[in-house]
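Trainee: One file is attached below, my_file-v9.csv, containing CSV, C-alpha atoms and all ligand atoms.
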```csv
chain,number,residue,atom,x,y,z
H,1,MET,CA,-6.9,26.7,10.6
H,2,LYS,CA,-3.4,26.3,12.1
H,3,LYS,CA,-4.9,24.7,15.1
H,4,VAL,CA,-6.9,22.2,13.0
H,5,LEU,CA,-3.8,21.3,11.0
H,6,PHE,CA,-1.8,20.9,14.2
H,7,ALA,CA,-4.5,18.6,15.7
H,8,ALA,CA,-4.6,16.5,12.6
H,9,LEU,CA,-0.8,16.2,12.6
H,10,ALA,CA,-0.8,15.3,16.3
H,11,ALA,CA,-3.5,12.7,15.7
H,12,THR,CA,-1.5,11.2,12.8
H,13,LEU,CA,1.6,11.0,15.0
H,14,LEU,CA,-0.2,9.6,17.9
H,15,CYS,CA,-2.0,6.8,16.2
H,16,GLY,CA,0.8,6.2,13.8
H,17,CYS,CA,-1.7,6.4,10.9
H,18,GLY,CA,-0.5,5.4,7.5
H,19,GLY,CA,0.8,2.1,6.4
H,20,ASP,CA,-0.8,-0.8,8.3
H,21,LYS,CA,-2.7,1.6,10.6
H,22,SER,CA,-4.7,3.2,7.8
H,23,ASN,CA,-8.4,3.2,8.3
H,24,THR,CA,-9.1,1.7,4.9
H,25,ILE,CA,-8.6,-1.8,3.6
H,26,LYS,CA,-7.7,-1.7,0.0
H,27,MET,CA,-8.4,-4.7,-2.2
H,28,ILE,CA,-6.6,-5.1,-5.6
H,29,THR,CA,-8.1,-7.2,-8.3
H,30,GLU,CA,-8.5,-7.6,-12.1
H,31,ALA,CA,-12.2,-7.2,-12.8
H,32,THR,CA,-12.7,-9.2,-16.0
H,33,PHE,CA,-13.2,-12.5,-14.2
H,34,PRO,CA,-16.9,-13.3,-13.5
H,35,PRO,CA,-18.3,-14.3,-11.1
H,36,TYR,CA,-15.3,-13.5,-8.9
H,37,GLU,CA,-14.9,-9.9,-10.0
H,38,PHE,CA,-16.5,-8.0,-12.8
H,39,MET,CA,-17.9,-4.6,-13.6
H,40,ARG,CA,-21.5,-3.7,-12.8
H,41,GLY,CA,-21.4,-0.3,-14.7
H,42,HIS,CA,-18.6,1.5,-12.9
H,43,GLU,CA,-18.7,-0.7,-9.8
H,44,ILE,CA,-16.4,-3.7,-9.2
H,45,VAL,CA,-18.6,-6.5,-7.8
H,46,GLY,CA,-18.3,-10.3,-7.3
H,47,ILE,CA,-17.5,-13.1,-4.9
H,48,ASP,CA,-13.9,-11.8,-4.1
H,49,VAL,CA,-15.2,-8.3,-3.5
H,50,GLU,CA,-17.7,-9.6,-0.9
H,51,ILE,CA,-15.0,-11.7,0.9
H,52,CYS,CA,-12.7,-8.7,1.1
H,53,ARG,CA,-15.6,-6.4,2.2
H,54,ALA,CA,-16.3,-8.8,5.0
H,55,ILE,CA,-12.6,-8.8,6.0
H,56,ALA,CA,-12.6,-5.0,6.2
H,57,ALA,CA,-15.8,-5.0,8.2
H,58,LYS,CA,-14.3,-7.5,10.7
H,59,LEU,CA,-11.3,-5.2,11.1
H,60,GLY,CA,-13.7,-2.2,11.5
H,61,LYS,CA,-12.2,-0.5,8.6
H,62,ASP,CA,-13.5,1.2,5.4
H,63,PHE,CA,-13.2,-0.7,2.2
H,64,LYS,CA,-11.9,0.2,-1.2
H,65,CYS,CA,-11.3,-1.8,-4.3
H,66,GLU,CA,-9.3,-1.2,-7.5
H,67,THR,CA,-8.7,-3.1,-10.7
H,68,VAL,CA,-5.4,-3.4,-12.6
H,69,ASP,CA,-4.0,-5.9,-15.1
H,70,PHE,CA,-3.7,-9.4,-13.6
H,71,ASP,CA,0.1,-9.4,-13.7
H,72,SER,CA,0.1,-6.3,-11.5
H,73,VAL,CA,-2.2,-7.7,-8.8
H,74,ILE,CA,0.4,-9.6,-6.7
H,75,PRO,CA,3.0,-6.8,-7.1
H,76,ALA,CA,0.5,-4.3,-5.6
H,77,VAL,CA,0.4,-6.1,-2.2
H,78,VAL,CA,4.1,-6.8,-2.3
H,79,SER,CA,4.8,-3.1,-2.6
H,80,GLY,CA,2.2,-2.2,0.0
H,81,LYS,CA,-0.1,-0.3,-2.5
H,82,ALA,CA,-2.9,-2.6,-1.5
H,83,ASP,CA,-3.7,-4.8,1.5
H,84,LEU,CA,-5.6,-7.7,0.0
H,85,ALA,CA,-5.1,-9.3,-3.5
H,86,ALA,CA,-8.2,-11.2,-4.4
H,87,ALA,CA,-8.6,-12.1,-8.1
H,88,GLY,CA,-9.4,-15.8,-8.3
H,89,ILE,CA,-5.7,-16.1,-7.5
H,90,THR,CA,-4.5,-19.7,-7.6
H,91,VAL,CA,-2.1,-20.7,-4.8
H,92,THR,CA,1.2,-21.7,-6.4
H,93,GLU,CA,4.7,-22.5,-5.0
H,94,ASP,CA,6.2,-19.7,-7.1
H,95,ARG,CA,3.7,-17.1,-5.8
H,96,LYS,CA,4.3,-18.3,-2.2
H,97,LYS,CA,7.8,-17.0,-2.4
H,98,ASN,CA,6.5,-13.4,-2.7
H,99,VAL,CA,3.2,-13.4,-0.7
H,100,ASP,CA,1.4,-15.2,2.1
H,101,PHE,CA,-1.8,-17.0,1.1
H,102,SER,CA,-5.0,-17.4,3.1
H,103,ILE,CA,-6.8,-20.7,3.5
H,104,PRO,CA,-8.3,-21.6,0.1
H,105,TYR,CA,-12.0,-20.7,-0.6
H,106,VAL,CA,-12.6,-22.5,-3.9
H,107,LYS,CA,-11.4,-25.7,-5.5
H,108,THR,CA,-11.2,-25.2,-9.2
H,109,GLY,CA,-9.0,-25.5,-12.3
H,110,ILE,CA,-8.4,-24.5,-15.9
H,111,VAL,CA,-10.2,-25.8,-19.0
H,112,ILE,CA,-9.8,-25.6,-22.7
H,113,ILE,CA,-12.3,-23.6,-24.7
H,114,TYR,CA,-12.5,-24.9,-28.3
H,115,LYS,CA,-14.6,-24.6,-31.4
H,116,LYS,CA,-17.0,-27.6,-31.7
H,117,SER,CA,-15.9,-27.7,-35.4
H,118,ASP,CA,-12.3,-28.3,-34.2
H,119,PRO,CA,-12.6,-30.3,-30.9
H,120,CYS,CA,-9.5,-30.1,-28.6
H,121,THR,CA,-10.2,-31.6,-25.2
H,122,THR,CA,-6.8,-32.5,-23.8
H,123,GLY,CA,-3.6,-30.5,-23.1
H,124,GLU,CA,-1.8,-32.9,-25.5
H,125,ALA,CA,-4.2,-32.0,-28.3
H,126,CYS,CA,-3.4,-28.3,-27.8
H,127,LYS,CA,0.3,-28.8,-28.6
H,128,GLY,CA,1.4,-26.8,-31.7
H,129,LYS,CA,-1.9,-24.9,-31.7
H,130,ARG,CA,-2.2,-21.1,-31.1
H,131,VAL,CA,-3.4,-21.0,-27.5
H,132,GLY,CA,-4.9,-17.9,-26.1
H,133,VAL,CA,-4.5,-17.1,-22.3
H,134,GLN,CA,-4.8,-14.1,-20.0
H,135,ALA,CA,-1.3,-12.8,-19.3
H,136,GLY,CA,0.2,-13.7,-15.9
H,137,THR,CA,-2.2,-16.5,-15.1
H,138,THR,CA,-1.7,-20.2,-14.4
H,139,SER,CA,-3.1,-20.8,-17.9
H,140,GLU,CA,0.0,-19.0,-19.3
H,141,THR,CA,2.2,-21.1,-17.0
H,142,TYR,CA,0.5,-24.2,-18.3
H,143,VAL,CA,1.2,-23.4,-21.9
H,144,LEU,CA,4.8,-22.4,-21.2
H,145,GLU,CA,5.6,-25.3,-18.9
H,146,GLN,CA,3.3,-28.2,-19.9
H,147,LEU,CA,3.0,-27.6,-23.6
H,148,GLY,CA,6.5,-26.1,-23.9
H,149,GLN,CA,5.4,-23.3,-26.2
H,150,GLU,CA,4.6,-19.5,-26.2
H,151,PRO,CA,0.9,-18.6,-25.6
H,152,GLU,CA,-1.0,-15.8,-27.3
H,153,ARG,CA,-1.5,-13.4,-24.4
H,154,SER,CA,-4.5,-11.2,-23.8
H,155,ARG,CA,-5.7,-8.9,-21.0
H,156,SER,CA,-8.8,-10.9,-20.1
H,157,PRO,CA,-10.5,-14.3,-20.7
H,158,ALA,CA,-13.2,-12.5,-22.8
H,159,GLU,CA,-10.5,-10.9,-25.0
H,160,SER,CA,-9.0,-14.4,-25.6
H,161,VAL,CA,-12.4,-15.8,-26.5
H,162,ALA,CA,-12.9,-12.9,-28.9
H,163,ALA,CA,-9.6,-13.9,-30.6
H,164,LEU,CA,-10.8,-17.5,-30.8
H,165,LYS,CA,-14.1,-16.4,-32.5
H,166,ALA,CA,-12.1,-14.2,-34.9
H,167,GLY,CA,-9.8,-17.1,-35.8
H,168,ARG,CA,-6.6,-15.4,-34.3
H,169,VAL,CA,-6.1,-18.3,-31.9
H,170,ASP,CA,-7.1,-22.0,-32.2
H,171,VAL,CA,-8.1,-22.6,-28.5
H,172,VAL,CA,-8.2,-20.7,-25.3
H,173,ILE,CA,-7.2,-21.9,-21.8
H,174,ALA,CA,-8.8,-20.2,-18.8
H,175,ASP,CA,-10.3,-20.9,-15.4
H,176,ILE,CA,-13.6,-22.8,-15.6
H,177,ASP,CA,-16.0,-20.1,-14.3
H,178,PRO,CA,-15.0,-17.2,-16.5
H,179,ALA,CA,-14.7,-19.8,-19.3
H,180,LYS,CA,-18.3,-20.9,-18.8
H,181,ASN,CA,-19.3,-17.3,-18.7
H,182,CYS,CA,-17.6,-16.6,-22.1
H,183,VAL,CA,-19.1,-19.7,-23.7
H,184,LYS,CA,-22.6,-19.0,-22.5
H,185,GLY,CA,-24.9,-18.0,-25.3
H,186,THR,CA,-22.6,-19.2,-28.1
H,187,ASP,CA,-23.5,-22.3,-30.2
H,188,ASP,CA,-20.1,-23.0,-31.7
H,189,LEU,CA,-17.9,-23.1,-28.6
H,190,ALA,CA,-17.5,-25.8,-25.9
H,191,ILE,CA,-15.2,-26.4,-22.9
H,192,SER,CA,-13.2,-29.4,-21.8
H,193,ASP,CA,-12.9,-31.1,-18.5
H,194,PHE,CA,-10.4,-29.7,-16.0
H,195,ILE,CA,-6.8,-30.0,-17.1
H,196,THR,CA,-5.4,-28.9,-13.7
H,197,SER,CA,-6.6,-28.8,-10.2
H,198,GLU,CA,-6.2,-25.5,-8.4
H,199,GLU,CA,-7.3,-23.6,-5.4
H,200,TYR,CA,-8.1,-19.9,-5.0
H,201,ALA,CA,-6.9,-17.9,-1.9
H,202,ILE,CA,-6.3,-14.3,-0.9
H,203,ALA,CA,-2.7,-13.0,-1.1
H,204,ILE,CA,-1.2,-10.5,1.4
H,205,ARG,CA,2.2,-9.0,1.9
H,206,LYS,CA,4.4,-11.4,3.9
H,207,GLY,CA,4.9,-11.0,7.6
H,208,GLN,CA,1.5,-9.8,8.7
H,209,PRO,CA,0.2,-12.7,10.9
H,210,GLU,CA,-2.6,-10.6,12.5
H,211,LEU,CA,-4.1,-9.6,9.2
H,212,LEU,CA,-3.7,-13.2,7.9
H,213,ALA,CA,-5.5,-14.5,10.9
H,214,VAL,CA,-8.5,-12.2,10.3
H,215,VAL,CA,-8.5,-13.1,6.6
H,216,ASN,CA,-8.6,-16.8,7.4
H,217,GLU,CA,-11.3,-16.3,10.1
H,218,THR,CA,-13.5,-14.4,7.7
H,219,ILE,CA,-13.2,-17.0,5.0
H,220,ALA,CA,-13.9,-19.9,7.5
H,221,GLU,CA,-16.9,-18.1,8.8
H,222,ALA,CA,-18.3,-17.2,5.4
H,223,LYS,CA,-17.9,-20.9,4.4
H,224,ALA,CA,-19.6,-22.1,7.6
H,225,ASP,CA,-22.5,-19.8,7.7
H,226,GLY,CA,-23.5,-20.1,4.0
H,227,ARG,CA,-22.5,-16.6,2.9
H,228,LEU,CA,-19.8,-17.9,0.5
H,229,ALA,CA,-22.3,-20.2,-1.1
H,230,LYS,CA,-24.8,-17.4,-1.4
H,231,TRP,CA,-22.3,-15.1,-3.0
H,232,VAL,CA,-21.3,-17.8,-5.5
H,233,GLU,CA,-25.0,-18.3,-6.5
H,234,GLN,CA,-25.8,-14.6,-6.6
H,235,TYR,CA,-22.8,-13.4,-8.6
H,236,THR,CA,-22.9,-16.4,-11.0
H,237,ALA,CA,-26.5,-15.5,-11.8
H,238,GLU,CA,-25.7,-11.8,-12.1
H,239,ALA,CA,-22.7,-12.4,-14.4
H,240,ASP,CA,-24.8,-14.8,-16.6
H,241,LYS,CA,-27.4,-12.1,-16.9
H,242,LEU,CA,-25.0,-9.4,-17.9
H,243,LYS,CA,-23.9,-11.7,-20.7
H,244,ASP,CA,-27.4,-12.0,-22.2
G,1,LIG,N1,-6.5,-18.6,-11.3
G,1,LIG,C1,-5.7,-18.0,-12.3
G,1,LIG,C2,-4.4,-17.6,-11.7
G,1,LIG,O1,-4.3,-17.4,-10.5
G,1,LIG,C3,-6.3,-16.9,-13.1
G,1,LIG,C4,-6.8,-15.8,-12.3
G,1,LIG,C5,-7.2,-14.6,-13.1
G,1,LIG,N2,-7.9,-13.7,-12.3
G,1,LIG,C6,-8.4,-12.5,-12.7
G,1,LIG,N3,-9.1,-11.8,-11.9
G,1,LIG,N4,-8.3,-12.1,-14.0
G,1,LIG,O2,-3.4,-17.4,-12.4
```
Represent the structure contained in this file as structure tokens.

Mentor:
Amino acid sequence: MKKVLFAALAATLLCGCGGDKSNTIKMITEATFPPYEFMRGHEIVGIDVEICRAIAAKLGKDFKCETVDFDSVIPAVVSGKADLAAAGITVTEDRKKNVDFSIPYVKTGIVIIYKKSDPCTTGEACKGKRVGVQAGTTSETYVLEQLGQEPERSRSPAESVAALKAGRVDVVIADIDPAKNCVKGTDDLAISDFITSEEYAIAIRKGQPELLAVVNETIAEAKADGRLAKWVEQYTAEADKLKD
């Protein structure tokens, strides 16, 4: 037993295991954001999960994924609790101060979800209304900075939409894909055109050029060989089905 322990200790010291050298790549996300990440029973699945799994495979490492509230996703890579933050994260100048971003993998934006009985299709028209958003997102920033008011914060786009249905908010602002997913199957809700133009990328702790290079290569390859398009199609269909 002692021998085994000693061998394990020696191996740890020799390879400097722990920190960057660990054999597992840990992804951190917030899994209420279909089709990028959502729950299939107890499993976290989606486009972002596939991208990160491919990064781990390219590094020859095991892969693990965990979900936390969205406003804890970026702090988890800053503190080193996770290696990759992938959660439909929009690249912003503010976030760039704290993390490094990969090349983008989606062009997208936020939209307004409104009741057809009370149409609200521009940012301007939302002013003075109770606007639901997921906490920590660019939708929250939009309400604070562009509308100059406090939003009604929730923990997920679906929770905001439930508040809209219950009349606790007047409109919801969210990223287009989860917005479409929330609205699907309802007769009384609709979504506006984009009110912003955003890009998703993977965030990692600053100062890791080797990891960043592998992340970027993986994204570029997945775009070029059609895997990314396949994941988008597959998980959009699966998330839509889960809704039904
Ligand atoms: N794109 C928006 C942002 O970066 C919302 C992302 C929310 N993602 C999630 N997995 N809940 O702020």

Trainee: What's the separation between CA of Phe194 (chain H) and CA of Ile112 (chain H), in Å to one decimal place?

Mentor: 7.9 Å

Trainee: In Å to one decimal, how far is CA of Pro35 (chain H) from CA of Thr236 (chain H)?

Mentor: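 Interatomic distance here is 5.1 Å.
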
Trainee: Would you work out the distance separating CA of Gly207 (chain H) from CA of Ile103 (chain H), expressed in Å to one decimal?

Mentor: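 Calculated distance between CA of Gly207 (chain H) and CA of Ile103 (chain H) is 15.7 Å.
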
Trainee: Let me make sure I understand: among H:Ala174, H:Ala229, H:Val77, H:Ala222, which one has the smallest atom-to-atom distance to ligand LIG 1 (chain G) if we use all atoms listed in the file?

Mentor: H:Ala174

Trainee: Around ligand LIG 1 (chain G), out to 8 Å and counting all atoms listed in the file, which residues are there? I want them as a PyMOL selection string.

Mentor: chain H and resi 29-33+36-37+69-70+86-91+109-110+134+136-140+156-157+174-175+198-200

Trainee: Take region 45-70 of chain H from the block and save it with N, CA, C and O atoms, as a CSV table (one decimal), in the first residue's frame.

Mentor:
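Printed below is decode-v1.csv as written:
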```csv
chain,number,residue,atom,x,y,z
H,45,VAL,N,-26.3,18.4,-22.6
H,45,VAL,CA,-26.0,18.2,-24.0
H,45,VAL,C,-26.1,19.5,-24.8
H,45,VAL,O,-26.7,20.4,-24.3
H,46,GLY,N,-25.6,19.5,-26.0
H,46,GLY,CA,-25.8,20.7,-26.9
H,46,GLY,C,-24.6,21.0,-27.7
H,46,GLY,O,-23.6,20.3,-27.6
H,47,ILE,N,-24.8,22.0,-28.5
H,47,ILE,CA,-23.7,22.4,-29.5
H,47,ILE,C,-22.4,22.7,-28.7
H,47,ILE,O,-21.3,22.3,-29.1
H,48,ASP,N,-22.5,23.5,-27.7
H,48,ASP,CA,-21.3,23.9,-26.9
H,48,ASP,C,-20.6,22.7,-26.3
H,48,ASP,O,-19.4,22.7,-26.3
H,49,VAL,N,-21.4,21.8,-25.9
H,49,VAL,CA,-20.8,20.6,-25.3
H,49,VAL,C,-20.0,19.8,-26.3
H,49,VAL,O,-18.9,19.3,-26.0
H,50,GLU,N,-20.6,19.7,-27.5
H,50,GLU,CA,-19.8,19.0,-28.6
H,50,GLU,C,-18.5,19.7,-28.9
H,50,GLU,O,-17.5,19.0,-29.1
H,51,ILE,N,-18.6,21.0,-29.0
H,51,ILE,CA,-17.3,21.7,-29.3
H,51,ILE,C,-16.3,21.5,-28.3
H,51,ILE,O,-15.1,21.1,-28.6
H,52,CYS,N,-16.7,21.5,-27.0
H,52,CYS,CA,-15.7,21.4,-25.9
H,52,CYS,C,-15.2,19.9,-25.8
H,52,CYS,O,-14.1,19.7,-25.5
H,53,ARG,N,-16.1,19.0,-26.1
H,53,ARG,CA,-15.7,17.6,-26.1
H,53,ARG,C,-14.7,17.4,-27.2
H,53,ARG,O,-13.7,16.6,-27.0
H,54,ALA,N,-14.9,18.0,-28.4
H,54,ALA,CA,-13.9,17.9,-29.5
H,54,ALA,C,-12.5,18.5,-29.1
H,54,ALA,O,-11.5,18.0,-29.5
H,55,ILE,N,-12.6,19.6,-28.3
H,55,ILE,CA,-11.3,20.2,-27.8
H,55,ILE,C,-10.6,19.3,-26.9
H,55,ILE,O,-9.4,19.1,-27.0
H,56,ALA,N,-11.3,18.7,-26.0
H,56,ALA,CA,-10.7,17.7,-25.1
H,56,ALA,C,-10.1,16.6,-25.8
H,56,ALA,O,-9.0,16.1,-25.5
H,57,ALA,N,-10.8,16.1,-26.8
H,57,ALA,CA,-10.3,14.9,-27.6
H,57,ALA,C,-9.1,15.3,-28.3
H,57,ALA,O,-8.1,14.5,-28.4
H,58,LYS,N,-9.0,16.5,-28.9
H,58,LYS,CA,-7.8,17.0,-29.6
H,58,LYS,C,-6.6,17.1,-28.7
H,58,LYS,O,-5.5,16.8,-29.1
H,59,LEU,N,-6.9,17.4,-27.4
H,59,LEU,CA,-5.8,17.5,-26.4
H,59,LEU,C,-5.5,16.1,-25.8
H,59,LEU,O,-4.6,16.0,-25.0
H,60,GLY,N,-6.3,15.1,-26.2
H,60,GLY,CA,-6.1,13.7,-25.7
H,60,GLY,C,-6.5,13.6,-24.2
H,60,GLY,O,-5.9,12.8,-23.4
H,61,LYS,N,-7.4,14.4,-23.8
H,61,LYS,CA,-7.8,14.4,-22.4
H,61,LYS,C,-9.3,14.0,-22.2
H,61,LYS,O,-10.1,14.0,-23.1
H,62,ASP,N,-9.6,13.6,-20.9
H,62,ASP,CA,-11.0,13.3,-20.6
H,62,ASP,C,-11.8,14.6,-20.6
H,62,ASP,O,-11.2,15.6,-20.5
H,63,PHE,N,-13.1,14.4,-20.6
H,63,PHE,CA,-13.9,15.5,-20.6
H,63,PHE,C,-15.0,15.5,-19.6
H,63,PHE,O,-15.6,14.4,-19.3
H,64,LYS,N,-15.2,16.7,-19.0
H,64,LYS,CA,-16.2,16.8,-17.9
H,64,LYS,C,-17.0,18.1,-18.1
H,64,LYS,O,-16.4,19.1,-18.5
H,65,CYS,N,-18.3,18.1,-17.8
H,65,CYS,CA,-19.0,19.3,-18.0
H,65,CYS,C,-19.9,19.6,-16.7
H,65,CYS,O,-20.5,18.6,-16.2
H,66,GLU,N,-20.0,20.8,-16.3
H,66,GLU,CA,-20.8,21.2,-15.2
H,66,GLU,C,-21.6,22.4,-15.4
H,66,GLU,O,-21.2,23.3,-16.2
H,67,THR,N,-22.8,22.5,-14.8
H,67,THR,CA,-23.6,23.7,-15.0
H,67,THR,C,-23.7,24.5,-13.7
H,67,THR,O,-23.8,23.9,-12.6
H,68,VAL,N,-23.7,25.8,-13.9
H,68,VAL,CA,-23.8,26.8,-12.7
H,68,VAL,C,-24.7,27.9,-13.2
H,68,VAL,O,-25.0,28.0,-14.4
H,69,ASP,N,-25.1,28.8,-12.4
H,69,ASP,CA,-25.8,30.0,-12.8
H,69,ASP,C,-24.9,30.8,-13.9
H,69,ASP,O,-23.7,30.8,-13.7
H,70,PHE,N,-25.6,31.5,-14.8
H,70,PHE,CA,-24.8,32.1,-15.9
H,70,PHE,C,-23.8,33.1,-15.4
H,70,PHE,O,-22.7,33.2,-15.9
```
